[in-house]
$ cat work10.cif   # mmCIF, N, CA and C atoms
data_data
loop_
_atom_site.label_atom_id
_atom_site.label_comp_id
_atom_site.auth_asym_id
_atom_site.auth_seq_id
_atom_site.Cartn_x
_atom_site.Cartn_y
_atom_site.Cartn_z
N MET A 29 37.25 -124.45 63.57
CA MET A 29 38.23 -123.56 62.99
C MET A 29 37.85 -122.11 63.31
N TYR A 30 38.84 -121.33 63.67
CA TYR A 30 38.65 -119.91 63.98
C TYR A 30 38.47 -119.09 62.72
N SER A 31 37.77 -117.97 62.85
CA SER A 31 37.77 -116.97 61.79
C SER A 31 39.15 -116.32 61.81
N ALA A 32 39.50 -115.62 60.75
CA ALA A 32 40.80 -114.95 60.71
C ALA A 32 40.92 -113.93 61.83
N GLU A 33 39.83 -113.27 62.18
CA GLU A 33 39.86 -112.29 63.26
C GLU A 33 40.14 -112.96 64.61
N MET A 34 39.48 -114.08 64.86
CA MET A 34 39.72 -114.80 66.12
C MET A 34 41.13 -115.38 66.14
N GLU A 35 41.61 -115.85 65.01
CA GLU A 35 42.98 -116.35 64.91
C GLU A 35 43.97 -115.23 65.18
N THR A 36 43.67 -114.04 64.70
CA THR A 36 44.52 -112.87 64.97
C THR A 36 44.62 -112.64 66.47
N LEU A 37 43.47 -112.62 67.14
CA LEU A 37 43.48 -112.41 68.59
C LEU A 37 44.25 -113.52 69.29
N ASP A 38 44.05 -114.75 68.87
CA ASP A 38 44.75 -115.88 69.47
C ASP A 38 46.26 -115.74 69.31
N GLN A 39 46.71 -115.37 68.13
CA GLN A 39 48.14 -115.20 67.88
C GLN A 39 48.72 -114.05 68.71
N LEU A 40 47.93 -112.99 68.89
CA LEU A 40 48.40 -111.83 69.65
C LEU A 40 48.51 -112.10 71.14
N LEU A 41 47.93 -113.21 71.61
CA LEU A 41 48.11 -113.57 73.02
C LEU A 41 49.59 -113.80 73.34
N ALA A 42 50.37 -114.16 72.33
CA ALA A 42 51.81 -114.40 72.52
C ALA A 42 52.59 -113.09 72.56
N GLY A 43 51.98 -111.99 72.14
CA GLY A 43 52.66 -110.70 72.15
C GLY A 43 52.39 -109.91 70.90
N THR A 44 52.94 -108.72 70.85
CA THR A 44 52.78 -107.82 69.72
C THR A 44 53.34 -108.45 68.46
N MET A 45 52.63 -108.28 67.33
CA MET A 45 53.07 -108.85 66.06
C MET A 45 52.96 -107.82 64.95
N SER A 46 53.83 -107.93 63.96
CA SER A 46 53.80 -107.01 62.83
C SER A 46 52.61 -107.32 61.93
N LEU A 47 52.16 -106.30 61.22
CA LEU A 47 51.07 -106.50 60.26
C LEU A 47 51.47 -107.47 59.16
N ALA A 48 52.76 -107.51 58.83
CA ALA A 48 53.23 -108.44 57.80
C ALA A 48 52.97 -109.88 58.21
N VAL A 49 53.16 -110.18 59.47
CA VAL A 49 52.91 -111.54 59.98
C VAL A 49 51.41 -111.81 60.04
N ILE A 50 50.66 -110.86 60.58
CA ILE A 50 49.21 -111.01 60.72
C ILE A 50 48.54 -111.14 59.36
N ARG A 51 49.04 -110.45 58.36
CA ARG A 51 48.46 -110.49 57.00
C ARG A 51 48.34 -111.92 56.48
N LYS A 52 49.26 -112.78 56.86
CA LYS A 52 49.27 -114.17 56.38
C LYS A 52 48.08 -114.99 56.87
N LEU A 53 47.37 -114.48 57.88
CA LEU A 53 46.21 -115.19 58.40
C LEU A 53 44.96 -114.97 57.55
N TYR A 54 45.01 -114.00 56.65
CA TYR A 54 43.85 -113.61 55.84
C TYR A 54 44.03 -114.04 54.39
N THR A 55 42.93 -114.34 53.73
CA THR A 55 42.99 -114.87 52.36
C THR A 55 43.35 -113.82 51.32
N ASP A 56 42.99 -112.55 51.58
CA ASP A 56 43.28 -111.50 50.61
C ASP A 56 43.33 -110.14 51.31
N GLU A 57 43.73 -109.11 50.57
CA GLU A 57 43.86 -107.76 51.14
C GLU A 57 42.54 -107.22 51.66
N ARG A 58 41.46 -107.48 50.94
CA ARG A 58 40.15 -106.96 51.35
C ARG A 58 39.73 -107.54 52.70
N SER A 59 39.85 -108.85 52.86
CA SER A 59 39.46 -109.46 54.14
C SER A 59 40.40 -109.03 55.26
N PHE A 60 41.67 -108.85 54.94
CA PHE A 60 42.64 -108.37 55.93
C PHE A 60 42.25 -106.97 56.40
N ARG A 61 42.02 -106.07 55.48
CA ARG A 61 41.67 -104.68 55.81
C ARG A 61 40.37 -104.65 56.63
N LYS A 62 39.37 -105.37 56.16
CA LYS A 62 38.07 -105.39 56.86
C LYS A 62 38.21 -106.00 58.26
N GLY A 63 38.93 -107.10 58.36
CA GLY A 63 39.09 -107.77 59.66
C GLY A 63 39.86 -106.93 60.67
N ILE A 64 40.97 -106.35 60.22
CA ILE A 64 41.78 -105.56 61.14
C ILE A 64 41.07 -104.28 61.55
N LEU A 65 40.44 -103.60 60.59
CA LEU A 65 39.69 -102.39 60.94
C LEU A 65 38.54 -102.72 61.90
N GLY A 66 37.92 -103.88 61.74
CA GLY A 66 36.87 -104.31 62.66
C GLY A 66 37.40 -104.55 64.06
N LEU A 67 38.56 -105.21 64.16
CA LEU A 67 39.17 -105.45 65.47
C LEU A 67 39.59 -104.14 66.13
N LEU A 68 40.13 -103.22 65.33
CA LEU A 68 40.53 -101.92 65.86
C LEU A 68 39.31 -101.13 66.33
N SER A 69 38.29 -101.07 65.50
CA SER A 69 37.07 -100.31 65.82
C SER A 69 36.36 -100.89 67.05
N GLY A 70 36.41 -102.20 67.17
CA GLY A 70 35.76 -102.85 68.30
C GLY A 70 36.56 -102.78 69.60
N GLY A 71 37.79 -102.29 69.52
CA GLY A 71 38.60 -102.15 70.73
C GLY A 71 39.34 -103.42 71.15
N ASP A 72 39.41 -104.42 70.26
CA ASP A 72 40.07 -105.68 70.61
C ASP A 72 41.58 -105.63 70.42
N VAL A 73 42.06 -104.73 69.57
CA VAL A 73 43.50 -104.58 69.32
C VAL A 73 43.85 -103.10 69.24
N ARG A 74 45.15 -102.82 69.37
CA ARG A 74 45.68 -101.48 69.17
C ARG A 74 46.70 -101.54 68.05
N LEU A 75 46.74 -100.50 67.22
CA LEU A 75 47.72 -100.38 66.16
C LEU A 75 48.86 -99.53 66.68
N LEU A 76 50.09 -100.05 66.54
CA LEU A 76 51.27 -99.37 67.05
C LEU A 76 52.27 -99.09 65.95
N THR A 77 53.01 -97.99 66.08
CA THR A 77 54.11 -97.70 65.17
C THR A 77 55.28 -98.59 65.54
N ASP A 78 56.33 -98.56 64.72
CA ASP A 78 57.51 -99.36 65.04
C ASP A 78 58.20 -98.85 66.30
N ALA A 79 57.88 -97.62 66.73
CA ALA A 79 58.41 -97.07 67.98
C ALA A 79 57.54 -97.42 69.18
N GLY A 80 56.43 -98.17 68.94
CA GLY A 80 55.55 -98.58 70.02
C GLY A 80 54.49 -97.56 70.40
N GLU A 81 54.35 -96.51 69.60
CA GLU A 81 53.34 -95.49 69.88
C GLU A 81 52.00 -95.89 69.26
N SER A 82 50.94 -95.65 69.99
CA SER A 82 49.60 -95.98 69.51
C SER A 82 49.19 -95.05 68.38
N VAL A 83 48.64 -95.62 67.31
CA VAL A 83 48.16 -94.84 66.17
C VAL A 83 46.73 -94.41 66.49
N PRO A 84 46.42 -93.11 66.41
CA PRO A 84 45.07 -92.65 66.74
C PRO A 84 44.03 -93.19 65.75
N ASP A 85 42.82 -93.40 66.26
CA ASP A 85 41.77 -94.01 65.44
C ASP A 85 41.42 -93.19 64.20
N TRP A 86 41.55 -91.89 64.24
CA TRP A 86 41.23 -91.08 63.07
C TRP A 86 42.20 -91.34 61.91
N ASN A 87 43.32 -92.01 62.18
CA ASN A 87 44.33 -92.26 61.16
C ASN A 87 44.26 -93.68 60.58
N TRP A 88 43.46 -94.56 61.16
CA TRP A 88 43.42 -95.96 60.72
C TRP A 88 43.02 -96.11 59.26
N ARG A 89 41.89 -95.57 58.90
CA ARG A 89 41.37 -95.76 57.53
C ARG A 89 42.33 -95.26 56.47
N SER A 90 42.97 -94.13 56.72
CA SER A 90 43.91 -93.61 55.72
C SER A 90 45.12 -94.53 55.57
N LEU A 91 45.52 -95.18 56.64
CA LEU A 91 46.65 -96.11 56.56
C LEU A 91 46.32 -97.34 55.73
N PHE A 92 45.05 -97.74 55.73
CA PHE A 92 44.62 -98.93 55.00
C PHE A 92 44.00 -98.59 53.64
N ALA A 93 43.96 -97.31 53.28
CA ALA A 93 43.27 -96.88 52.06
C ALA A 93 43.81 -97.53 50.79
N ASP A 94 45.11 -97.68 50.69
CA ASP A 94 45.72 -98.25 49.48
C ASP A 94 46.23 -99.66 49.71
N GLY A 95 45.51 -100.43 50.50
CA GLY A 95 45.96 -101.78 50.84
C GLY A 95 46.52 -101.79 52.24
N ALA A 96 47.40 -102.72 52.50
CA ALA A 96 47.98 -102.86 53.84
C ALA A 96 48.96 -101.72 54.10
N PRO A 97 48.94 -101.19 55.33
CA PRO A 97 49.92 -100.17 55.67
C PRO A 97 51.33 -100.76 55.75
N ASP A 98 52.27 -99.91 55.92
CA ASP A 98 53.66 -100.31 56.06
C ASP A 98 53.75 -101.48 57.05
N PRO A 99 54.46 -102.55 56.69
CA PRO A 99 54.53 -103.72 57.57
C PRO A 99 55.26 -103.46 58.88
N SER A 100 55.85 -102.29 59.04
CA SER A 100 56.50 -101.99 60.31
C SER A 100 55.49 -101.68 61.42
N PHE A 101 54.23 -101.45 61.05
CA PHE A 101 53.19 -101.27 62.07
C PHE A 101 52.92 -102.61 62.74
N HIS A 102 52.51 -102.55 63.99
CA HIS A 102 52.27 -103.75 64.79
C HIS A 102 50.87 -103.71 65.40
N LEU A 103 50.39 -104.88 65.77
CA LEU A 103 49.14 -104.98 66.52
C LEU A 103 49.43 -105.52 67.90
N GLU A 104 48.64 -105.05 68.84
CA GLU A 104 48.74 -105.51 70.23
C GLU A 104 47.31 -105.78 70.70
N ILE A 105 47.11 -106.90 71.37
CA ILE A 105 45.79 -107.23 71.87
C ILE A 105 45.49 -106.40 73.12
N THR A 106 44.24 -106.02 73.28
CA THR A 106 43.81 -105.26 74.46
C THR A 106 43.21 -106.21 75.49
N LYS A 107 42.91 -105.70 76.67
CA LYS A 107 42.24 -106.51 77.69
C LYS A 107 40.91 -107.03 77.17
N GLN A 108 40.21 -106.18 76.44
CA GLN A 108 38.93 -106.59 75.86
C GLN A 108 39.11 -107.74 74.88
N GLY A 109 40.15 -107.65 74.05
CA GLY A 109 40.44 -108.72 73.10
C GLY A 109 40.80 -110.02 73.80
N ILE A 110 41.54 -109.91 74.88
CA ILE A 110 41.90 -111.10 75.67
C ILE A 110 40.65 -111.76 76.23
N ALA A 111 39.74 -110.94 76.74
CA ALA A 111 38.49 -111.48 77.30
C ALA A 111 37.65 -112.13 76.20
N ARG A 112 37.68 -111.57 75.01
CA ARG A 112 36.90 -112.12 73.90
C ARG A 112 37.40 -113.50 73.49
N ILE A 113 38.70 -113.68 73.47
CA ILE A 113 39.27 -114.96 73.04
C ILE A 113 39.26 -115.98 74.18
N GLY A 114 39.29 -115.44 75.43
CA GLY A 114 39.42 -116.22 76.64
C GLY A 114 38.49 -117.35 76.78
#

$ encode --input "work10.cif" --output "structure tokens"
Amino acid sequence: MYSAEMETLDQLLAGTMSLAVIRKLYTDERSFRKGILGLLSGGDVRLLTDAGESVPDWNWRSLFADGAPDPSFHLEITKQGIARIG
């Protein structure tokens, strides 16, 4: 069985997904926040706005400060993330 982080990467192989969908892979808000911030910090995924613009890394923590950010944000797997799951 995959960890939630590896499952996230596996699901993202199919394409960009909203945080609302990805959230369902995690047992609670704390594990979701920790897992996604870890994937972002490690360079395995990119956080995108609903317009497809990349969210700068200095803004990640503030978006997750009060729980999950707006579900309109999306994740996209990077080449590094693809290699990790590969």

$ resolve_selection --input "work10.cif" --expression "the PyMOL selection byres ((chain A and resi 106) around 6.5)" --output "ChimeraX atom specification"
/A:71-74,104-105,107-111

$ select_by_dssp --input "work10.cif" --residues "chain A" --states "strand (DSSP E or B)" --output "list in words"
Met45, Ser46, Val73, Arg74, Leu75, Leu76, Ser82, His102, Leu103, Glu104 and Ile105 of chain A

$ resolve_selection --input "work10.cif" --expression "the PyMOL selection byres (((chain A and resi 61 and name CA) around 12) and name CA)" --output "VMD selection string"
chain A and resid 32 to 33 47 50 to 51 53 to 60 62 to 69 88 to 97

$ atom_distance --input "work10.cif" --atom1 "atom C of Pro99 in chain A" --atom2 "atom N of Ser46 in chain A"
6.9 Å

$ select_by_dssp --input "work10.cif" --residues "chain A" --states "alpha helix (DSSP H)" --output "PyMOL selection string"
chain A and resi 32-40+47-51+57-69+88-92+107-113

$ axis_aligned_box --input "work10.cif" --around "range 82-91 of chain A" --padding-each-side "6 Å" --output "JSON"
{"center_x": 46.1, "center_y": -94.2, "center_z": 62.8, "size_x": 21.7, "size_y": 18.3, "size_z": 26.4}

$ residues_around --input "work10.cif" --residues "Phe101 in chain A" --least-positions-apart "3" --cutoff "7 Å" --atoms "only N, CA and C atoms" --output "PyMOL selection string"
chain A and resi 45-48+75-78+97-98

$ atom_distance --input "work10.cif" --atom1 "atom N of Met34 in chain A" --atom2 "atom N of His102 in chain A"
17.4 Å

$ atom_distance --input "work10.cif" --atom1 "atom N of Ala79 in chain A" --atom2 "atom N of Thr44 in chain A"
12.8 Å

$ decode --input "work10.cif" --residues "range 73-91 of chain A" --atoms "N, CA and C atoms" --output "PDB file, in the first residue's frame"
ATOM      1  N   VAL A  73       5.754  18.287  -6.714  1.00  0.00           N
ATOM      2  CA  VAL A  73       4.513  18.835  -7.269  1.00  0.00           C
ATOM      3  C   VAL A  73       4.610  20.355  -7.319  1.00  0.00           C
ATOM      4  N   ARG A  74       3.716  20.952  -8.110  1.00  0.00           N
ATOM      5  CA  ARG A  74       3.570  22.404  -8.163  1.00  0.00           C
ATOM      6  C   ARG A  74       2.147  22.739  -7.767  1.00  0.00           C
ATOM      7  N   LEU A  75       1.977  23.842  -7.039  1.00  0.00           N
ATOM      8  CA  LEU A  75       0.666  24.341  -6.664  1.00  0.00           C
ATOM      9  C   LEU A  75       0.267  25.404  -7.675  1.00  0.00           C
ATOM     10  N   LEU A  76      -0.939  25.244  -8.238  1.00  0.00           N
ATOM     11  CA  LEU A  76      -1.423  26.148  -9.275  1.00  0.00           C
ATOM     12  C   LEU A  76      -2.723  26.811  -8.860  1.00  0.00           C
ATOM     13  N   THR A  77      -2.929  28.042  -9.321  1.00  0.00           N
ATOM     14  CA  THR A  77      -4.210  28.715  -9.126  1.00  0.00           C
ATOM     15  C   THR A  77      -5.210  28.131 -10.112  1.00  0.00           C
ATOM     16  N   ASP A  78      -6.470  28.531  -9.972  1.00  0.00           N
ATOM     17  CA  ASP A  78      -7.478  28.046 -10.913  1.00  0.00           C
ATOM     18  C   ASP A  78      -7.221  28.568 -12.327  1.00  0.00           C
ATOM     19  N   ALA A  79      -6.389  29.611 -12.456  1.00  0.00           N
ATOM     20  CA  ALA A  79      -6.006  30.134 -13.766  1.00  0.00           C
ATOM     21  C   ALA A  79      -4.771  29.430 -14.332  1.00  0.00           C
ATOM     22  N   GLY A  80      -4.226  28.453 -13.574  1.00  0.00           N
ATOM     23  CA  GLY A  80      -3.072  27.696 -14.031  1.00  0.00           C
ATOM     24  C   GLY A  80      -1.734  28.346 -13.737  1.00  0.00           C
ATOM     25  N   GLU A  81      -1.734  29.411 -12.939  1.00  0.00           N
ATOM     26  CA  GLU A  81      -0.486  30.086 -12.582  1.00  0.00           C
ATOM     27  C   GLU A  81       0.144  29.417 -11.366  1.00  0.00           C
ATOM     28  N   SER A  82       1.449  29.286 -11.401  1.00  0.00           N
ATOM     29  CA  SER A  82       2.178  28.665 -10.293  1.00  0.00           C
ATOM     30  C   SER A  82       2.178  29.580  -9.071  1.00  0.00           C
ATOM     31  N   VAL A  83       1.892  29.011  -7.911  1.00  0.00           N
ATOM     32  CA  VAL A  83       1.905  29.761  -6.651  1.00  0.00           C
ATOM     33  C   VAL A  83       3.341  29.753  -6.133  1.00  0.00           C
ATOM     34  N   PRO A  84       3.917  30.933  -5.845  1.00  0.00           N
ATOM     35  CA  PRO A  84       5.306  30.975  -5.370  1.00  0.00           C
ATOM     36  C   PRO A  84       5.464  30.295  -4.010  1.00  0.00           C
ATOM     37  N   ASP A  85       6.641  29.713  -3.799  1.00  0.00           N
ATOM     38  CA  ASP A  85       6.882  28.946  -2.572  1.00  0.00           C
ATOM     39  C   ASP A  85       6.747  29.784  -1.301  1.00  0.00           C
ATOM     40  N   TRP A  86       7.032  31.050  -1.343  1.00  0.00           N
ATOM     41  CA  TRP A  86       6.901  31.879  -0.148  1.00  0.00           C
ATOM     42  C   TRP A  86       5.446  32.021   0.295  1.00  0.00           C
ATOM     43  N   ASN A  87       4.501  31.645  -0.563  1.00  0.00           N
ATOM     44  CA  ASN A  87       3.080  31.791  -0.258  1.00  0.00           C
ATOM     45  C   ASN A  87       2.426  30.480   0.210  1.00  0.00           C
ATOM     46  N   TRP A  88       3.116  29.356   0.104  1.00  0.00           N
ATOM     47  CA  TRP A  88       2.518  28.057   0.430  1.00  0.00           C
ATOM     48  C   TRP A  88       2.031  27.978   1.865  1.00  0.00           C
ATOM     49  N   ARG A  89       2.905  28.237   2.809  1.00  0.00           N
ATOM     50  CA  ARG A  89       2.554  28.076   4.226  1.00  0.00           C
ATOM     51  C   ARG A  89       1.369  28.932   4.632  1.00  0.00           C
ATOM     52  N   SER A  90       1.301  30.156   4.127  1.00  0.00           N
ATOM     53  CA  SER A  90       0.171  31.019   4.492  1.00  0.00           C
ATOM     54  C   SER A  90      -1.136  30.474   3.927  1.00  0.00           C
ATOM     55  N   LEU A  91      -1.083  29.837   2.784  1.00  0.00           N
ATOM     56  CA  LEU A  91      -2.295  29.255   2.198  1.00  0.00           C
ATOM     57  C   LEU A  91      -2.816  28.084   3.025  1.00  0.00           C
TER      58      LEU A  91
END
